[in-house]
Structure formats: structure tokens, C-alpha cells
file protein-v8.cif (mmCIF, C-alpha atoms and all ligand atoms)
data_start
#
loop_
_atom_site.label_atom_id
_atom_site.label_comp_id
_atom_site.auth_asym_id
_atom_site.auth_seq_id
_atom_site.Cartn_x
_atom_site.Cartn_y
_atom_site.Cartn_z
CA MET W 1 -16.10 47.46 -163.43
CA SER W 2 -19.72 47.01 -164.48
CA THR W 3 -22.21 49.39 -162.90
CA LEU W 4 -25.11 47.36 -164.29
CA PRO W 5 -27.08 44.80 -162.31
CA LYS W 6 -25.93 41.21 -162.91
CA THR W 7 -29.51 40.19 -163.67
CA ALA W 8 -29.73 42.42 -166.79
CA GLU W 9 -29.50 40.17 -169.82
CA THR W 10 -31.40 41.23 -172.89
CA ASP W 11 -30.49 44.33 -174.83
CA GLU W 12 -33.79 45.95 -173.75
CA GLN W 13 -32.99 45.30 -170.10
CA LEU W 14 -29.45 46.60 -170.54
CA ARG W 15 -30.72 49.78 -172.20
CA SER W 16 -33.19 50.28 -169.43
CA ALA W 17 -30.49 49.80 -166.76
CA MET W 18 -28.19 52.22 -168.64
CA VAL W 19 -30.91 54.87 -168.74
CA ASP W 20 -31.70 54.35 -165.05
CA ALA W 21 -28.02 54.87 -164.20
CA LEU W 22 -27.83 58.04 -166.31
CA ARG W 23 -31.00 59.41 -164.73
CA ALA W 24 -29.68 58.60 -161.27
CA ASP W 25 -26.38 60.47 -161.81
CA GLY W 26 -28.29 63.48 -163.18
CA THR W 27 -27.02 63.22 -166.77
CA ILE W 28 -30.43 62.51 -168.29
CA ARG W 29 -32.89 65.22 -167.32
CA THR W 30 -35.65 64.86 -169.91
CA ASP W 31 -37.91 61.99 -170.98
CA ARG W 32 -37.18 62.73 -174.63
CA VAL W 33 -33.48 61.95 -174.26
CA ALA W 34 -34.27 58.94 -172.07
CA ASP W 35 -36.72 57.61 -174.67
CA ALA W 36 -34.16 57.94 -177.46
CA LEU W 37 -31.58 55.97 -175.45
CA LEU W 38 -34.20 53.36 -174.61
CA VAL W 39 -35.01 52.77 -178.28
CA VAL W 40 -31.70 52.86 -180.20
CA PRO W 41 -29.82 49.51 -180.11
CA ARG W 42 -26.35 50.78 -179.06
CA HIS W 43 -24.83 47.29 -179.38
CA VAL W 44 -25.41 47.32 -183.16
CA PHE W 45 -22.90 50.21 -183.38
CA ALA W 46 -20.36 48.46 -181.16
CA PRO W 47 -20.08 44.88 -182.43
CA GLU W 48 -16.48 44.56 -181.15
CA VAL W 49 -17.59 44.42 -177.50
CA SER W 50 -19.97 42.22 -175.55
CA LEU W 51 -23.62 43.16 -175.13
CA THR W 52 -23.03 44.15 -171.50
CA GLU W 53 -19.97 46.27 -172.35
CA ALA W 54 -21.89 48.06 -175.10
CA TYR W 55 -24.32 49.36 -172.47
CA GLU W 56 -21.77 50.45 -169.84
CA PRO W 57 -22.85 54.10 -169.34
CA VAL W 58 -19.34 55.54 -169.03
CA ARG W 59 -17.54 53.29 -171.48
CA ALA W 60 -16.32 54.66 -174.84
CA LEU W 61 -15.44 52.13 -177.51
CA VAL W 62 -12.26 53.12 -179.35
CA THR W 63 -12.66 52.07 -182.98
CA LYS W 64 -9.42 53.51 -184.41
CA ARG W 65 -6.00 54.60 -183.10
CA ASP W 66 -3.21 56.56 -184.78
CA GLY W 67 0.41 55.35 -185.16
CA HIS W 68 1.19 56.47 -181.56
CA GLY W 69 -1.73 54.52 -180.09
CA LEU W 70 -3.77 57.67 -179.54
CA ALA W 71 -7.55 57.20 -180.05
CA VAL W 72 -8.76 59.05 -183.16
CA SER W 73 -12.25 57.58 -183.40
CA SER W 74 -14.70 56.03 -180.97
CA VAL W 75 -18.30 55.38 -180.18
CA SER W 76 -18.46 57.87 -177.32
CA ALA W 77 -19.60 56.92 -173.84
CA ALA W 78 -23.40 57.04 -173.52
CA GLN W 79 -22.96 59.41 -170.57
CA ILE W 80 -21.27 62.14 -172.62
CA GLN W 81 -23.71 61.60 -175.51
CA ALA W 82 -26.71 61.99 -173.20
CA LEU W 83 -25.10 65.07 -171.59
CA MET W 84 -24.59 66.77 -174.95
CA LEU W 85 -28.07 65.80 -176.21
CA GLU W 86 -29.57 67.42 -173.12
CA GLN W 87 -27.48 70.53 -173.80
CA ALA W 88 -28.45 70.57 -177.49
CA ASP W 89 -32.21 70.45 -176.75
CA VAL W 90 -33.06 68.85 -180.10
CA GLN W 91 -36.76 69.14 -181.01
CA PRO W 92 -39.00 67.25 -183.49
CA GLY W 93 -38.75 68.50 -187.07
CA MET W 94 -35.31 70.08 -186.64
CA ARG W 95 -32.46 69.89 -189.12
CA VAL W 96 -29.31 68.72 -187.35
CA GLU W 97 -25.67 68.36 -188.38
CA GLU W 98 -23.46 66.04 -186.38
CA ILE W 99 -19.70 66.44 -186.83
CA GLY W 100 -17.80 63.24 -186.02
CA SER W 101 -19.69 60.05 -186.80
CA GLY W 102 -20.02 56.71 -185.11
CA GLY W 103 -23.61 56.06 -186.11
CA TYR W 104 -25.06 55.63 -182.62
CA ASN W 105 -25.35 59.30 -181.72
CA ALA W 106 -26.73 60.08 -185.18
CA ALA W 107 -29.43 57.46 -184.55
CA LEU W 108 -30.25 59.13 -181.21
CA LEU W 109 -30.51 62.46 -183.04
CA ALA W 110 -32.80 60.83 -185.63
CA GLU W 111 -35.08 59.68 -182.81
CA LEU W 112 -35.14 63.20 -181.36
CA VAL W 113 -35.94 65.00 -184.64
CA GLY W 114 -38.53 62.37 -185.62
CA PRO W 115 -39.75 61.60 -189.15
CA GLU W 116 -40.18 65.30 -190.03
CA GLY W 117 -36.60 66.21 -189.15
CA GLU W 118 -33.27 65.61 -190.87
CA VAL W 119 -29.90 64.43 -189.58
CA THR W 120 -26.64 64.79 -191.48
CA THR W 121 -23.57 63.21 -189.91
CA VAL W 122 -20.11 64.15 -191.20
CA ASP W 123 -16.78 62.41 -190.65
CA ILE W 124 -13.36 63.02 -192.15
CA ASP W 125 -12.42 59.32 -192.16
CA PRO W 126 -13.89 56.89 -194.72
CA PHE W 127 -13.36 54.00 -192.27
CA VAL W 128 -15.77 55.77 -189.91
CA THR W 129 -18.37 56.84 -192.49
CA ASP W 130 -18.46 53.34 -194.06
CA ARG W 131 -18.94 51.80 -190.66
CA ALA W 132 -21.54 54.35 -189.53
CA ALA W 133 -23.57 54.01 -192.74
CA ARG W 134 -23.55 50.21 -192.46
CA PHE W 135 -24.67 50.17 -188.82
CA LEU W 136 -27.28 52.90 -189.34
CA TYR W 137 -28.79 50.78 -192.12
CA GLU W 138 -28.74 47.65 -189.94
CA ALA W 139 -30.40 49.48 -187.06
CA GLY W 140 -33.12 50.95 -189.31
CA TYR W 141 -31.83 54.55 -189.54
CA SER W 142 -30.84 54.74 -193.20
CA ARG W 143 -32.62 58.11 -193.42
CA VAL W 144 -29.59 59.65 -191.64
CA LYS W 145 -27.35 61.23 -194.29
CA VAL W 146 -23.73 60.13 -193.85
CA VAL W 147 -21.18 62.46 -195.46
CA LEU W 148 -17.42 61.97 -195.88
CA ALA W 149 -15.94 65.48 -195.46
CA ASP W 150 -13.92 67.75 -193.20
CA GLY W 151 -16.56 68.98 -190.75
CA SER W 152 -14.78 72.33 -190.39
CA GLU W 153 -15.91 73.11 -193.94
CA PRO W 154 -19.47 73.91 -195.12
CA VAL W 155 -21.72 70.93 -195.91
CA ASP W 156 -25.00 70.65 -197.83
CA GLY W 157 -28.26 70.26 -195.95
CA GLY W 158 -28.30 73.51 -193.96
CA PRO W 159 -29.22 75.88 -192.53
CA PHE W 160 -29.14 73.72 -189.43
CA ASP W 161 -31.15 74.29 -186.26
CA ARG W 162 -28.56 72.34 -184.32
CA VAL W 163 -24.88 71.58 -184.92
CA VAL W 164 -23.59 68.91 -182.55
CA VAL W 165 -19.81 68.52 -182.65
CA THR W 166 -18.65 65.19 -181.23
CA VAL W 167 -14.91 65.71 -181.61
CA GLY W 168 -12.65 67.98 -179.58
CA ALA W 169 -12.38 71.42 -181.23
CA TRP W 170 -9.91 74.22 -180.59
CA ASP W 171 -11.65 76.86 -182.72
CA LEU W 172 -15.11 77.72 -184.08
CA PRO W 173 -14.76 77.79 -187.88
CA PRO W 174 -17.05 80.17 -189.82
CA ALA W 175 -18.77 77.21 -191.55
CA TRP W 176 -20.48 76.31 -188.27
CA THR W 177 -21.91 79.75 -187.60
CA ASP W 178 -22.72 80.43 -191.26
CA GLY W 179 -24.50 77.07 -191.57
CA LEU W 180 -26.62 77.74 -188.49
CA ALA W 181 -30.18 79.09 -188.62
CA GLU W 182 -30.71 82.30 -186.60
CA GLY W 183 -31.40 81.26 -182.99
CA GLY W 184 -29.90 77.83 -183.68
CA THR W 185 -27.28 76.31 -181.39
CA ILE W 186 -23.88 74.68 -181.70
CA THR W 187 -22.92 72.22 -178.99
CA VAL W 188 -19.18 71.68 -179.08
CA PRO W 189 -16.39 70.32 -176.87
CA LEU W 190 -14.13 73.39 -177.04
CA ARG W 191 -10.55 73.57 -175.77
CA MET W 192 -9.58 76.81 -174.07
CA ARG W 193 -6.03 77.15 -172.73
CA GLY W 194 -5.92 73.34 -172.69
CA LEU W 195 -9.20 72.85 -170.78
CA THR W 196 -12.23 71.34 -172.55
CA ARG W 197 -15.85 72.23 -171.93
CA SER W 198 -18.86 71.04 -173.90
CA ILE W 199 -20.45 74.40 -174.59
CA SER W 200 -23.85 75.02 -176.14
CA PHE W 201 -23.72 78.33 -177.97
CA ARG W 202 -26.80 80.12 -179.32
CA ARG W 203 -26.35 82.16 -182.48
CA ASP W 204 -27.00 85.86 -181.97
CA GLY W 205 -26.23 87.62 -185.26
CA ASP W 206 -22.51 87.18 -185.88
CA ARG W 207 -21.82 86.17 -182.27
CA LEU W 208 -22.29 82.90 -180.41
CA VAL W 209 -23.34 83.17 -176.77
CA SER W 210 -23.13 80.20 -174.39
CA VAL W 211 -26.24 78.83 -172.72
CA SER W 212 -24.57 75.92 -170.91
CA ALA W 213 -21.12 74.41 -170.33
CA GLU W 214 -20.14 70.99 -168.99
CA VAL W 215 -16.78 69.33 -168.30
CA CYS W 216 -15.87 66.69 -170.88
CA GLY W 217 -13.05 65.08 -172.85
CA PHE W 218 -12.91 64.07 -176.52
CA VAL W 219 -10.60 62.79 -179.25
CA ARG W 220 -9.08 65.65 -181.19
CA MET W 221 -10.24 67.26 -184.38
CA GLN W 222 -8.31 66.42 -187.55
CA GLY W 223 -8.17 68.28 -190.87
CA THR W 224 -8.22 72.07 -191.25
CA GLY W 225 -9.40 72.50 -187.64
CA ALA W 226 -6.53 70.49 -186.13
CA HIS W 227 -4.44 72.36 -183.57
CA ASP W 228 -1.46 71.07 -181.61
CA GLU W 229 -0.36 72.36 -178.25
CA HIS W 230 3.16 73.73 -177.78
CA LEU W 231 5.09 71.28 -175.59
CA VAL W 232 8.09 72.30 -173.47
CA LEU W 233 10.30 69.74 -171.65
CA PRO W 234 12.13 71.65 -168.88
CA ARG W 235 14.15 68.56 -167.90
CA GLY W 236 14.84 67.62 -171.50
CA THR W 237 12.89 64.37 -171.07
CA LYS W 238 9.22 63.40 -171.17
CA GLU W 239 9.19 63.10 -167.36
CA VAL W 240 7.76 66.62 -167.04
CA GLY W 241 5.88 68.41 -169.80
CA LEU W 242 4.57 71.97 -169.94
CA ARG W 243 1.78 72.54 -172.44
CA PHE W 244 0.57 75.79 -173.92
CA ASP W 245 -2.51 75.65 -176.11
CA GLU W 246 -3.07 79.17 -177.38
CA LEU W 247 -1.42 81.33 -180.01
CA ASP W 248 -0.30 83.94 -177.43
CA ARG W 249 1.90 81.80 -175.19
CA PRO W 250 4.58 82.88 -172.72
CA ASP W 251 8.29 82.89 -173.56
CA THR W 252 9.58 79.53 -172.32
CA SER W 253 13.15 79.82 -173.60
CA ARG W 254 14.67 80.34 -170.10
CA LEU W 255 13.12 77.39 -168.26
CA ALA W 256 15.86 74.77 -168.73
CA GLY W 257 16.92 73.56 -165.27
CA VAL W 258 14.24 75.57 -163.44
CA LEU W 259 12.86 72.46 -161.71
CA GLU W 260 16.31 71.75 -160.23
CA THR W 261 16.21 75.02 -158.22
CA PRO W 262 14.80 75.21 -154.65
CA ARG W 263 11.01 74.97 -154.32
CA ALA W 264 8.82 77.60 -152.67
CA GLU W 265 5.53 76.48 -151.10
CA ARG W 266 2.42 78.48 -150.32
CA TRP W 267 -0.73 77.07 -148.65
CA THR W 268 -4.13 78.69 -148.76
CA GLN W 269 -6.37 77.16 -146.06
CA VAL W 270 -8.82 76.54 -148.90
CA THR W 271 -9.82 72.90 -148.65
CA VAL W 272 -11.57 70.29 -150.76
CA GLY W 273 -13.10 66.90 -149.91
CA ASN W 274 -12.13 63.64 -151.53
CA GLN W 275 -14.61 63.27 -154.40
CA GLU W 276 -15.53 66.97 -154.50
CA PRO W 277 -15.13 68.40 -158.02
CA PHE W 278 -13.10 71.59 -158.51
CA ASP W 279 -13.06 71.95 -162.31
CA SER W 280 -14.16 75.56 -162.04
CA LEU W 281 -10.89 76.33 -160.21
CA TYR W 282 -8.88 75.24 -163.25
CA LEU W 283 -11.01 77.41 -165.51
CA TRP W 284 -10.75 80.36 -163.15
CA LEU W 285 -6.94 80.04 -163.00
CA ALA W 286 -6.86 79.78 -166.82
CA CYS W 287 -8.80 83.04 -166.96
CA SER W 288 -6.97 84.96 -164.25
CA LEU W 289 -3.28 83.97 -164.54
CA PRO W 290 -1.08 85.52 -167.23
CA GLY W 291 1.32 82.95 -168.71
CA PHE W 292 -1.11 80.08 -168.01
CA GLY W 293 -0.32 76.55 -169.14
CA LEU W 294 -0.66 72.97 -167.94
CA ILE W 295 2.04 70.82 -166.35
CA SER W 296 2.04 67.02 -166.50
CA VAL W 297 4.32 64.50 -164.83
CA ASP W 298 4.88 61.00 -166.21
CA PRO W 299 2.93 58.58 -163.97
CA GLU W 300 6.06 56.36 -163.88
CA SER W 301 8.26 59.19 -162.56
CA ASP W 302 9.50 58.95 -158.96
CA THR W 303 10.11 62.69 -158.64
CA ARG W 304 9.02 64.06 -155.26
CA THR W 305 9.90 67.69 -155.80
CA VAL W 306 7.65 68.19 -158.82
CA ALA W 307 4.29 67.35 -157.28
CA PRO W 308 1.39 69.14 -159.01
CA ALA W 309 -2.18 68.71 -157.74
CA ASN W 310 -2.87 66.47 -160.72
CA ARG W 311 -0.16 64.65 -162.65
CA MET W 312 -2.17 64.46 -165.87
CA ALA W 313 -2.76 68.18 -166.41
CA CYS W 314 -2.41 70.82 -163.71
CA PRO W 315 -2.63 74.63 -163.87
CA LEU W 316 0.75 76.29 -164.30
CA VAL W 317 2.02 79.85 -164.58
CA VAL W 318 5.26 80.82 -166.32
CA ASP W 319 7.08 84.13 -166.21
CA GLY W 320 10.59 84.41 -167.64
CA ASP W 321 12.93 81.99 -165.86
CA SER W 322 10.37 80.95 -163.19
CA LEU W 323 7.22 78.89 -162.89
CA ALA W 324 4.64 77.80 -160.33
CA TYR W 325 1.82 75.27 -160.36
CA LEU W 326 -1.23 74.37 -158.27
CA ALA W 327 -0.49 71.89 -155.46
CA LEU W 328 -2.65 69.91 -153.06
CA ARG W 329 -1.77 68.38 -149.69
CA LYS W 330 -3.74 66.04 -147.48
CA ILE W 331 -4.61 67.65 -144.17
CA SER W 332 -7.04 65.12 -142.72
CA ASN W 333 -7.72 61.43 -143.12
CA GLY W 334 -11.20 61.04 -141.87
CA PRO W 335 -12.94 62.18 -143.96
CA ALA W 336 -10.11 62.82 -146.44
CA THR W 337 -9.59 66.55 -146.84
CA PHE W 338 -6.99 68.37 -148.94
CA GLU W 339 -5.64 71.92 -148.94
CA PHE W 340 -4.86 73.87 -152.09
CA GLY W 341 -1.52 75.55 -152.44
CA ALA W 342 1.22 76.27 -154.95
CA HIS W 343 4.83 75.26 -155.60
CA GLY W 344 7.16 77.75 -157.26
CA PHE W 345 10.57 77.27 -158.86
CA GLY W 346 13.17 79.73 -160.18
CA PRO W 347 14.24 83.18 -159.00
CA ASP W 348 10.64 84.46 -158.96
CA ARG W 349 9.19 81.33 -157.31
CA GLY W 350 7.66 83.07 -154.29
CA ARG W 351 5.82 85.71 -156.31
CA LEU W 352 4.41 83.19 -158.80
CA ALA W 353 3.31 80.78 -156.04
CA ASP W 354 1.66 83.77 -154.29
CA LEU W 355 -0.16 84.63 -157.52
CA ILE W 356 -1.73 81.17 -157.71
CA ALA W 357 -2.56 81.12 -153.99
CA GLU W 358 -4.25 84.53 -154.28
CA GLN W 359 -6.41 83.34 -157.17
CA VAL W 360 -7.39 80.18 -155.29
CA GLY W 361 -8.70 82.57 -152.63
CA VAL W 362 -10.64 84.65 -155.17
CA TRP W 363 -12.11 81.47 -156.66
CA THR W 364 -13.34 80.10 -153.35
CA ARG W 365 -14.85 83.46 -152.32
CA GLU W 366 -16.43 84.46 -155.62
CA HIS W 367 -16.72 81.58 -158.09
CA ARG W 368 -16.67 78.24 -156.33
CA THR W 369 -20.43 77.96 -156.32
CA GLY W 370 -22.83 79.43 -158.83
CA SER W 371 -23.58 79.11 -162.47
CA GLY W 372 -20.07 79.55 -163.89
CA PRO W 373 -19.01 81.90 -166.67
CA THR W 374 -20.64 82.87 -169.95
CA PHE W 375 -18.56 82.24 -173.07
CA THR W 376 -19.08 84.47 -176.10
CA ALA W 377 -17.46 83.97 -179.50
CA HIS W 378 -17.02 87.21 -181.44
CA PRO W 379 -15.80 87.29 -185.04
CA ALA W 380 -12.01 87.54 -185.34
CA GLY W 381 -11.17 91.20 -185.96
CA THR W 382 -13.73 92.53 -183.45
CA PRO W 383 -11.92 95.53 -181.88
CA ASP W 384 -11.04 95.36 -178.16
CA ASP W 385 -13.40 98.24 -177.29
CA GLN W 386 -16.36 96.20 -178.55
CA LEU W 387 -15.56 93.24 -176.27
CA PRO W 388 -16.85 92.88 -172.72
CA ASP W 389 -14.40 93.21 -169.81
CA GLY W 390 -12.53 90.07 -168.83
CA PRO W 391 -10.21 87.55 -170.43
CA VAL W 392 -10.05 87.21 -174.20
CA ILE W 393 -8.76 84.09 -175.92
CA ASP W 394 -7.84 84.74 -179.53
CA LYS W 395 -8.47 81.77 -181.80
CA ARG W 396 -7.92 81.88 -185.55
CA HIS W 397 -11.60 82.46 -186.35
CA VAL W 398 -13.08 83.93 -183.19
CA ARG W 399 -12.25 86.08 -180.19
CA LEU W 400 -13.61 84.18 -177.21
CA THR W 401 -14.54 86.19 -174.13
CA ILE W 402 -15.26 84.62 -170.75
CA SER W 403 -17.43 86.61 -168.35
CA TRP W 404 -17.69 85.44 -164.74
CA PRO W 405 -20.77 86.51 -162.81
C1 LIG W 501 -15.66 60.62 -180.73
S1 LIG W 501 -15.80 60.20 -182.40
C2 LIG W 501 -17.48 60.54 -182.76
C3 LIG W 501 -18.45 59.73 -181.96
C4 LIG W 501 -19.81 59.58 -182.58
N1 LIG W 501 -20.53 60.82 -182.75
C5 LIG W 501 -20.69 58.56 -181.87
O1 LIG W 501 -21.79 58.34 -182.35
O2 LIG W 501 -20.29 58.00 -180.86
C6 LIG W 501 -14.97 61.55 -183.18
C7 LIG W 501 -14.94 61.45 -184.69
O3 LIG W 501 -14.58 62.72 -185.22
C8 LIG W 501 -13.97 62.49 -186.48
N2 LIG W 501 -13.29 63.71 -186.90
C9 LIG W 501 -12.10 64.20 -186.51
N3 LIG W 501 -11.84 65.35 -187.16
C10 LIG W 501 -12.90 65.60 -187.96
C11 LIG W 501 -13.23 66.63 -188.88
N4 LIG W 501 -12.41 67.67 -189.10
N5 LIG W 501 -14.40 66.55 -189.55
C12 LIG W 501 -15.25 65.50 -189.34
N6 LIG W 501 -14.98 64.49 -188.50
C13 LIG W 501 -13.83 64.54 -187.81
C14 LIG W 501 -13.07 61.30 -186.21
O4 LIG W 501 -12.74 60.63 -187.42
C15 LIG W 501 -13.93 60.48 -185.26
O5 LIG W 501 -14.61 59.45 -185.96
#

call {"tool": "encode", "arguments": {"input": "protein-v8.cif", "output": "C-alpha cells", "more": "lines below"}}
Ligand SMILES: C[S@@+](CC[C@H](N)C(=O)[O-])C[C@H]1O[C@@H](n2cnc3c(N)ncnc32)[C@H](O)[C@@H]1O
result
Amino acid sequence: MSTLPKTAETDEQLRSAMVDALRADGTIRTDRVADALLVVPRHVFAPEVSLTEAYEPVRALVTKRDGHGLAVSSVSAAQIQALMLEQADVQPGMRVEEIGSGGYNAALLAELVGPEGEVTTVDIDPFVTDRAARFLYEAGYSRVKVVLADGSEPVDGGPFDRVVVTVGAWDLPPAWTDGLAEGGTITVPLRMRGLTRSISFRRDGDRLVSVSAEVCGFVRMQGTGAHDEHLVLPRGTKEVGLRFDELDRPDTSRLAGVLETPRAERWTQVTVGNQEPFDSLYLWLACSLPGFGLISVDPESDTRTVAPANRMACPLVVDGDSLAYLALRKISNGPATFEFGAHGFGPDRGRLADLIAEQVGVWTREHRTGSGPTFTAHPAGTPDDQLPDGPVIDKRHVRLTISWP
């Protein structure tokens, strides 16, 4: 449904209403980002939709799907673009690489770097680069360099002060760090144990240290950086899926039939209001639970026994022939309040449900409020004794550490 006033008609008015909405929800924090969004004609990059739809702040326009109907390219929602531009802190005169093109965001970057700066946008798909180059020309931004290449590989035009990745990444390939000027930043939607955060990393020698992280979702990276999750179907059908995203995943060979065993329940007295976000709980569970994965249940399924807190993707722990996941139950209607808990299945169901419940308690006491963790990417091969305490996620090219305050 449109969040724009019905009176907005011209593209200038629609841009202004879009920027007002993004300021009001806290996404736009600086005048520089607001000014860029006020100037660039977003509708030129989205000719398939109406003028009003082009300026819907939270609407992404899918421009290409794969054979399974999965989106592989889009003009991202203005909200996520503004969020990442705020994170990236692009200044006049900078040299910027954008990975994943659509044209619109590259034009915003061109506004931010000004006439003294340079923007190179890279996409792996000629359909996207042709389209982006055409629309950039039409909108008056032909000074943006459009390159057809795999963005995980080095490109000409560096060293870059900013690398802005606008496609979901699982790893941080060396080309990004090597192509970055010292003190430069990479802003990237990075998947960690199945959870995505747009992280701005500042280069510090051969390490990347996060300066900000925001919840987001993106289409997935193709090419050499592509990475598929490991999917397990404990019922043998797509009704319930267990997904494991990292190279070191638990043994899942003994889970057949586990969801047909009796269910254990644990409740925590930790509550959450209706629209209250709890993304940091997922990240905390991903960091603190060995054998972490995500469980999803087909929205069409009528199962009542398998009832995770979120049917799309819910924290899960697996150990041998048992599993448990995060659950949520309504405890009050006015105002709607829910209690966190856990459901366990298999011989070890009670212990695994306890494990989740315990960590929900730690989260609410120690991490529910506050600035969230710092993410640091160390080169692959960095020995354990040179890493900070805390969880380590081993990617192919980096060892990612997550330090909670
Ligand atoms: C969400 S779209 C980019 C949105 C765009 N920045 C905009 O202005 O709205 C993601 C793009 O990443 C591209 N992509 C996927 N894998 C890539 C890779 N390895 N290198 C470069 N581009 C890639 C896809 O073809 C797709 O066009």
C-alpha cells in the first residue's frame, strides 16, 4: 500500500515525499544523502512501474528472475539504498566502486562524490550493465563507469575510498580489501550463519573492522563468490527445511523422523511487544549456540507441532539425533505481548531447548540494548591465538570474529 500522500503528483513532489518518509523513519540522517535522493530521477531507472510506484520508499523493483522465479537483479528499495549510503559516508572527490548495478544507486553515488570524484559500477550480467548504462546516460550520469565483470575479482579504477556492495555476499574476497585505499571502507550485506547484516568495515592493514551494522536482505551473489546453503529436509518433503550456511556445519545424518518424536517446551518469561524488533537475539543465538542453523516451515503447511517463532527463518540448534528451535507464544492481547521459549525434539530435546532458553536469558540481560557487536575480518590463515575471544566464523577468504560488548 502506498505510504505517499495522494496529492503528490510530479516526480519532484514524489521524490520530496519519499525523502520526507525516509527522514521520518530515521533512515536518512544527513542532508547530503537527502539531497542526492532529491535530485536523482529514480523513475528513469524503473520504467516498468508507474511514477508513484517508482518512489515507494520500501519498494524494490525486480528486473530479472532465475528459472525458479527467484529474483537475481533489482533496483533496490530506496530505503535500503539510503541506509547503506549513510553507512558508507561517501564524501566529495572520493573514488567509489559499486558492486551490483541498477544505475540508480550509482547515480546517487555520483551525486555524493561530485564532479571531482569517480564512480565505477560493476555487474556480472550484461542485461543489467546494458540497462544501467542506458538509464545513466538518459538521466545525465554518463560519467559513471559501467563495467561488465564478476565483482569478486579485481577491477580497474582503484584504489577505492569506498566499496559499496549491493548484492548479498557470503565472503569477503581479497579483491575488495586489496582494491581499497588505507582507511577506506567496504559496505556490504554479509551473510553470517544465514543472517544478513549490512556491515561497513574500515580497512586497518590486512584486517577489516566494522564501524556499523544494519539488518537487511539482498539478492544473492553470483559468480566466484556464490555460496549455497546446505539444506536438510527432516520430513523428506519441503514442508520443513533446516539450513546451514557455513563450512563447519553439524552432522545432520541422524535427523530423519526427529520431528515425529514428542516435543519438549521451555518458556523463559522474556517477553517482546508486537512490533518490537529482536534481530539482535537471532545474531546472539547464532554466536552462542553450537550447531546453529535456521529452520523454515512452508507457509502452506498445517503442522501444529513444528511451530518456530518465525516460519521463514528461525534459529535452530542441532546435536546428533536431536534439535530445538526458538519459539514464541502470545501471553497477552492488549497490548499484544509474546514470550520467548524453545521447542525440542529427539532424545536430547530437553537439554537443547534449555540451551536456547538459557541464551535468550543472557541476551535479554546483556545484549538486548546497546550498540551490538563488532565484526572483524582477519585474513584466512590467521592463527587462533591472534584472534580475539568469542565466536569465529571461517569463510574461504577471511576469519570473521564477532565481539559483543
Ligand atoms: C540488488 S541488485 C543491485 C541494485 C543496484 N545497485 C541499484 O542501483 O538498485 C544486485 C545485482 O548484483 C549483481 N551481481 C550478482 N553477483 C554479482 C557479482 N559476482 N559481481 C557483480 N555483480 C553481481 C546482479 O546481477 C544484480 O544486478

call {"tool": "closest_residue", "arguments": {"input": "protein-v8.cif", "among": "W:Ser210, W:Ser253, W:Thr196, W:Thr305", "to": "Ser280 in chain W", "atoms": "all atoms listed in the file"}}
result
W:Thr196

call {"tool": "closest_residue", "arguments": {"input": "protein-v8.cif", "among": "W:Asp66, W:Asp150, W:Asp35, W:Asp89", "to": "ligand LIG 501 (chain W)", "atoms": "only C-alpha atoms and all ligand atoms"}}
result
W:Asp150

call {"tool": "closest_residue", "arguments": {"input": "protein-v8.cif", "among": "W:Asp125, W:Asp31, W:Asp298, W:Asp279", "to": "ligand LIG 501 (chain W)", "atoms": "only C-alpha atoms and all ligand atoms"}}
result
W:Asp125

call {"tool": "atom_distance", "arguments": {"input": "protein-v8.cif", "atom1": "CA of Leu51 in chain W", "atom2": "CA of Arg32 in chain W"}}
result
23.8 Å

call {"tool": "atom_distance", "arguments": {"input": "protein-v8.cif", "atom1": "CA of Gly117 in chain W", "atom2": "CA of Ala82 in chain W"}}
result
19.2 Å

call {"tool": "residues_around", "arguments": {"input": "protein-v8.cif", "residues": "range 178-185 of chain W", "least_positions_apart": "6", "cutoff": "12 Å", "atoms": "only C-alpha atoms", "output": "count of residues only"}}
result
42

call {"tool": "residues_near_ligand", "arguments": {"input": "protein-v8.cif", "ligand": "ligand LIG 501 (chain W)", "cutoff": "9 Å", "atoms": "only C-alpha atoms and all ligand atoms", "output": "ChimeraX atom specification"}}
result
/W:45,60-64,71-78,81,98-108,121-129,132,148-153,164-169,218-226

call {"tool": "residues_near_point", "arguments": {"input": "protein-v8.cif", "point": "(-2.9, 72.6, -153.5)", "cutoff": "7 Å", "atoms": "all atoms listed in the file", "output": "JSON, numbers by chain"}}
result
{"W": [267, 309, 326, 327, 328, 329, 339, 340, 341, 342]}

call {"tool": "closest_residue", "arguments": {"input": "protein-v8.cif", "among": "W:Phe375, W:Tyr137, W:Phe278, W:Tyr325", "to": "Met192 in chain W", "atoms": "only C-alpha atoms"}}
result
W:Phe375

call {"tool": "residues_around", "arguments": {"input": "protein-v8.cif", "residues": "Glu9 in chain W", "least_positions_apart": "3", "cutoff": "9 Å", "atoms": "only C-alpha atoms", "output": "JSON, numbers by chain"}}
result
{"W": [6, 12, 13, 14, 51, 52]}

call {"tool": "closest_residue", "arguments": {"input": "protein-v8.cif", "among": "W:Ala133, W:Val119, W:Leu283, W:Ile402", "to": "Pro388 in chain W", "atoms": "all atoms listed in the file"}}
result
W:Ile402

call {"tool": "decode", "arguments": {"input": "protein-v8.cif", "residues": "range 116-124 of chain W", "atoms": "N, CA, C and O atoms", "output": "compact mmCIF listing (two decimals), in the first residue's frame"}}
result
# COMPACT_ATOMS: atom_id res chain seq x y z
N GLU W 116 34.44 16.02 -8.90
CA GLU W 116 35.86 15.64 -8.71
C GLU W 116 36.03 14.15 -8.42
O GLU W 116 37.13 13.63 -8.48
N GLY W 117 34.94 13.48 -8.08
CA GLY W 117 35.05 12.07 -7.72
C GLY W 117 34.82 11.15 -8.90
O GLY W 117 34.57 11.60 -10.02
N GLU W 118 34.91 9.83 -8.63
CA GLU W 118 34.72 8.84 -9.70
C GLU W 118 33.88 7.69 -9.17
O GLU W 118 34.11 7.23 -8.05
N VAL W 119 32.96 7.22 -10.00
CA VAL W 119 32.15 6.05 -9.63
C VAL W 119 32.28 4.99 -10.71
O VAL W 119 32.11 5.27 -11.89
N THR W 120 32.63 3.78 -10.27
CA THR W 120 32.67 2.62 -11.17
C THR W 120 31.63 1.64 -10.66
O THR W 120 31.67 1.26 -9.48
N THR W 121 30.70 1.24 -11.52
CA THR W 121 29.71 0.25 -11.09
C THR W 121 29.90 -1.03 -11.89
O THR W 121 30.09 -0.98 -13.12
N VAL W 122 29.90 -2.16 -11.19
CA VAL W 122 30.25 -3.45 -11.80
C VAL W 122 29.07 -4.41 -11.67
O VAL W 122 28.51 -4.54 -10.58
N ASP W 123 28.71 -5.08 -12.75
CA ASP W 123 27.70 -6.13 -12.65
C ASP W 123 28.13 -7.31 -13.51
O ASP W 123 28.78 -7.16 -14.54
N ILE W 124 27.73 -8.50 -13.06
CA ILE W 124 28.13 -9.74 -13.73
C ILE W 124 27.22 -10.05 -14.92
O ILE W 124 27.53 -10.91 -15.74
